[in-house]
Amino acid sequence: MGEAFHDVDGDKMTIQPVLDKQSTSITNFLASNVGTQVRKIAVVTPYYRESLHELLLAHQSVLAQDIAVTHIMVADGHPNPAVAAWDAQHVVLPAAHRDAGNFARGVGALHAFQGGAEGVCFLDADNWLEPNHVSSLFGAILRDGADVGVSRRALRRLDGSVLDPLDPESDGLRFADTGTVMLRRTAVAIAALWTTLPVELSGAGDQFIWAAVNNRGLKIARTDIPTMNYKTKWAVHYAGRGETPPQGAVDLTIVRRSEVYWQTLPDADKRRIVLGHA
């Protein structure tokens, strides 16, 4: 079995939708949503102790989508009272899980699917979306009859400015950042996997999820446009582009710890995570 690891190697971008010919199909699909608990597409944001400014930026980018979506914000043991007043479904977990939001992310996705969503996107609390992120992903899924949609990402510095407008690492082939992914209902098992990943793997959770997507027979559709803005804290992203990492940047220690733990797992556990069965 191949290993699941790859190195983790401001300025408003408005990107025109690449799938205009799908707009009629998307509109007709969403129009059938009247009366359901959750709109046909949901965006799940797990959060912990991020600043109100970051939470609001993420939330506003969901509200600005060019199709109607439900924003599900999952408090991982530390609810911000301001969120309860927003146009979002606020799910509050009783305690923090200390797993980089994995459990909260999975719970939010399962809540969305149970409530009637056909597709679920993910957005970390310190990132934000371009207005056509959801529509272009769902258009790609409809176009290809896929189970999973994947966009590209733009790297942002910690101050929000553009570090790289098209990150080559998260290419939707060898790796896909969680925030670039849409799961269709046919991929609900991937949502459930988020809730059961061992805490020790949380430093590289998105890499194990991507390995599972690629090894469980799911069909993947790609937009190839950078509609997710990723505010990177990884020092290697700055150094690799000739910049001095800013204060607050981190190295790959947490990723390497997950890699070491992965090597200690029995093969049956590895297969359950990646293949879905022992």
# chains A, B, ... in the order shown; residues from 1 in each chain; ligands from 1
>>> residues_around(residues="Glu50 in chain A", least_positions_apart="4", cutoff="12 Å", atoms="only C-alpha atoms", output="list in words")
Thr45, Pro46, Glu54, Leu55, Leu56, Leu57, Ala58, Ala75, Asp76, His78, Pro79, Asn80, Val83, Gly101, Asp124, Ala125, Asp126 and Asn127 of chain A
>>> select_by_dssp(residues="range 44-132 of chain A", states="strand (DSSP E)", output="MDAnalysis selection string")
chainID A and resid 44:47 70:76 89:93 119:122 128:129
>>> residues_around(residues="range 199-212 of chain A", least_positions_apart="6", cutoff="9 Å", atoms="only C-alpha atoms", output="PyMOL selection string")
chain A and resi 2-6+97-102+174-178+190+193+252-259+261-262+273-276
>>> residues_around(residues="Met228 in chain A", least_positions_apart="6", cutoff="7 Å", atoms="only C-alpha atoms", output="VMD selection string")
chain A and resid 128 to 130 133 152 to 154 179 to 180
>>> write_last_selection(atoms="N, CA and C atoms", output="CSV table (one decimal), in the first residue's frame")
chain,number,residue,atom,x,y,z
A,128,TRP,N,-11.0,31.5,3.2
A,128,TRP,CA,-12.2,32.0,2.7
A,128,TRP,C,-12.3,31.6,1.2
A,129,LEU,N,-13.5,31.7,0.6
A,129,LEU,CA,-13.9,31.2,-0.7
A,129,LEU,C,-14.1,32.4,-1.7
A,130,GLU,N,-13.8,32.1,-2.9
A,130,GLU,CA,-14.2,32.9,-4.0
A,130,GLU,C,-15.7,32.7,-4.3
A,133,HIS,N,-16.9,29.3,-5.9
A,133,HIS,CA,-16.3,28.1,-5.4
A,133,HIS,C,-17.3,26.9,-5.5
A,152,ARG,N,-8.8,24.1,-7.1
A,152,ARG,CA,-7.4,24.4,-6.7
A,152,ARG,C,-7.5,25.5,-5.6
A,153,ARG,N,-6.3,25.8,-5.0
A,153,ARG,CA,-6.3,26.8,-4.0
A,153,ARG,C,-5.2,27.9,-4.3
A,154,ALA,N,-5.4,29.1,-3.8
A,154,ALA,CA,-4.5,30.2,-3.8
A,154,ALA,C,-3.9,30.2,-2.4
A,179,GLY,N,-10.2,22.0,2.1
A,179,GLY,CA,-11.0,23.1,1.7
A,179,GLY,C,-11.3,23.2,0.2
A,180,THR,N,-10.7,22.4,-0.6
A,180,THR,CA,-10.9,22.4,-2.0
A,180,THR,C,-11.9,21.3,-2.4
>>> closest_residue(among="A:Leu166, A:Val44, A:Val74, A:Leu52", to="Val181 in chain A", atoms="only C-alpha atoms")
A:Val44
>>> select_by_dssp(residues="range 104-268 of chain A", states="alpha helix (DSSP H)", output="MDAnalysis selection string")
chainID A and resid 104:114 133:144 188:196 205:215 235:239 253:264 267:268
